[in-house]
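Structure first, then comments.
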Amino acid sequence: MVLPGSRRNEIRFILPSFKDAVQILKERIPGLHCVIPTVTQVAHLVKAAAADWPTPVEVIESEEEKFAAFRAADAALAASGTVTMELAIAGTPMVVGYRVGWLTYALAYPLLRVPYMVLVNLILGREAVPEFLQGKCAPESLANALSPLLTDKSARKRRSAICRRQWDRYPPG
């Protein structure tokens, strides 16, 4: 599953790296199939990018389909944001990447006072979910982090269990 974000600039800056990571994974994992949940406001951009996607791909737009895909996915490659919490609650193992334009980064970086960007990691106070930001959001790095989740069932279960155990400490209400 690939979740490139819900904003136009996220699609512009993040989706190309995600697409290239999928190309690398396709060479390692025969039969790889991707689902890309998206939202209406950027669906046309995502569908245009998916037209020459390296694997069979299904672009979905409904919330119901998105949550069904979370439950069915072996792993997710996601942009940092609210979706990381949704994936964690669903127990879907993930790798997170995020990139912004150089000017935005240059202006924002000096203001950052948090050790992590991924909400799950901020809440847990540690890097439970690998995060690849800005220059580290490179296709090879993303593919290397995702590969064990897609090929090793025990690695996938361990990563899923980490999030599930942590959320058990934070009951709703």
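Please note that chains go A, B, ... in the order of the structure tokens, that every chain numbers its residues from 1, and that ligands are numbered from 1 in the order shown.
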
Leaving out stretch 3-16 of chain A and any residue of its chain fewer than 4 positions from it, which residues lie within 9 Å of it when counting only C-alpha atoms, given as a PyMOL selection string? chain A and resi 20-21+35-43+45-46+49+76-81+83+97-101+137+139

Please, which residues of stretch 16-165 of chain A, numbered as in this document, come out alpha helix (DSSP H) from DSSP, as a VMD selection string? chain A and resid 16 to 28 40 to 50 63 to 72 82 to 90 102 to 108 119 to 124 139 to 151 153 to 165

Point out the residue among A:Leu142, A:Ile24, A:Met1, A:Met85 with the least atom-to-atom distance to A:Ala68, counting only C-alpha atoms.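 Smallest separation from A:Ala68 among the options: A:Met1.
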
Which polymer residues have any atom within 9 Å of an atom of A:Thr92, counting only C-alpha atoms, with same-chain residues fewer than 5 positions away left out, as a list of chain:residue names?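 The residues that qualify are A:Phe70, A:Arg71, A:Ala72, A:Ala73, A:Asp74, A:Ala75, A:Ala76, A:Glu86, A:Leu87, A:Arg156, A:Arg159, A:Ser160, A:Cys163.
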
Keeping only N, CA, C and O atoms, write those residues as a PDB file, in the first residue's frame.
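As a result, again-v1.pdb now contains:
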ATOM      1  N   PHE A  70      -6.187  -1.174   4.519  1.00  0.00           N
ATOM      2  CA  PHE A  70      -5.294  -1.212   5.685  1.00  0.00           C
ATOM      3  C   PHE A  70      -5.268  -2.614   6.275  1.00  0.00           C
ATOM      4  O   PHE A  70      -4.214  -3.138   6.612  1.00  0.00           O
ATOM      5  N   ARG A  71      -6.448  -3.200   6.422  1.00  0.00           N
ATOM      6  CA  ARG A  71      -6.543  -4.527   7.036  1.00  0.00           C
ATOM      7  C   ARG A  71      -5.915  -5.611   6.151  1.00  0.00           C
ATOM      8  O   ARG A  71      -5.385  -6.582   6.650  1.00  0.00           O
ATOM      9  N   ALA A  72      -5.980  -5.426   4.839  1.00  0.00           N
ATOM     10  CA  ALA A  72      -5.482  -6.439   3.906  1.00  0.00           C
ATOM     11  C   ALA A  72      -3.995  -6.290   3.584  1.00  0.00           C
ATOM     12  O   ALA A  72      -3.361  -7.248   3.140  1.00  0.00           O
ATOM     13  N   ALA A  73      -3.438  -5.121   3.809  1.00  0.00           N
ATOM     14  CA  ALA A  73      -2.060  -4.840   3.383  1.00  0.00           C
ATOM     15  C   ALA A  73      -1.022  -5.578   4.217  1.00  0.00           C
ATOM     16  O   ALA A  73      -1.173  -5.710   5.431  1.00  0.00           O
ATOM     17  N   ASP A  74       0.033  -6.012   3.554  1.00  0.00           N
ATOM     18  CA  ASP A  74       1.181  -6.575   4.263  1.00  0.00           C
ATOM     19  C   ASP A  74       1.980  -5.458   4.918  1.00  0.00           C
ATOM     20  O   ASP A  74       2.519  -5.631   6.004  1.00  0.00           O
ATOM     21  N   ALA A  75       2.073  -4.311   4.234  1.00  0.00           N
ATOM     22  CA  ALA A  75       2.826  -3.172   4.753  1.00  0.00           C
ATOM     23  C   ALA A  75       2.418  -1.926   3.982  1.00  0.00           C
ATOM     24  O   ALA A  75       1.803  -2.020   2.920  1.00  0.00           O
ATOM     25  N   ALA A  76       2.787  -0.772   4.532  1.00  0.00           N
ATOM     26  CA  ALA A  76       2.449   0.499   3.893  1.00  0.00           C
ATOM     27  C   ALA A  76       3.674   1.386   3.807  1.00  0.00           C
ATOM     28  O   ALA A  76       4.516   1.403   4.696  1.00  0.00           O
ATOM     29  N   GLU A  86      -3.733   6.171  11.766  1.00  0.00           N
ATOM     30  CA  GLU A  86      -4.748   5.223  11.290  1.00  0.00           C
ATOM     31  C   GLU A  86      -4.112   3.862  10.995  1.00  0.00           C
ATOM     32  O   GLU A  86      -4.677   2.826  11.358  1.00  0.00           O
ATOM     33  N   LEU A  87      -2.959   3.885  10.365  1.00  0.00           N
ATOM     34  CA  LEU A  87      -2.263   2.631  10.076  1.00  0.00           C
ATOM     35  C   LEU A  87      -1.835   1.922  11.364  1.00  0.00           C
ATOM     36  O   LEU A  87      -1.975   0.700  11.484  1.00  0.00           O
ATOM     37  N   ARG A 156       7.096  -8.697   9.838  1.00  0.00           N
ATOM     38  CA  ARG A 156       5.823  -7.980   9.702  1.00  0.00           C
ATOM     39  C   ARG A 156       5.014  -8.092  10.997  1.00  0.00           C
ATOM     40  O   ARG A 156       4.484  -7.104  11.494  1.00  0.00           O
ATOM     41  N   ARG A 159       6.608  -5.902  13.821  1.00  0.00           N
ATOM     42  CA  ARG A 159       6.355  -4.468  13.655  1.00  0.00           C
ATOM     43  C   ARG A 159       4.900  -4.139  13.955  1.00  0.00           C
ATOM     44  O   ARG A 159       4.592  -3.147  14.589  1.00  0.00           O
ATOM     45  N   SER A 160       3.995  -4.992  13.520  1.00  0.00           N
ATOM     46  CA  SER A 160       2.578  -4.781  13.788  1.00  0.00           C
ATOM     47  C   SER A 160       2.305  -4.867  15.283  1.00  0.00           C
ATOM     48  O   SER A 160       1.572  -4.049  15.844  1.00  0.00           O
ATOM     49  N   CYS A 163       3.202  -1.665  17.450  1.00  0.00           N
ATOM     50  CA  CYS A 163       2.179  -0.612  17.478  1.00  0.00           C
ATOM     51  C   CYS A 163       0.965  -1.045  18.294  1.00  0.00           C
ATOM     52  O   CYS A 163       0.462  -0.286  19.111  1.00  0.00           O
TER      53      CYS A 163
END

Selection near A:Glu127, 12 Å with only C-alpha atoms, sequence-local residues under 2 positions removed, as a PyMOL selection string: chain A and resi 94-96+115-125+129-132+159+162-163
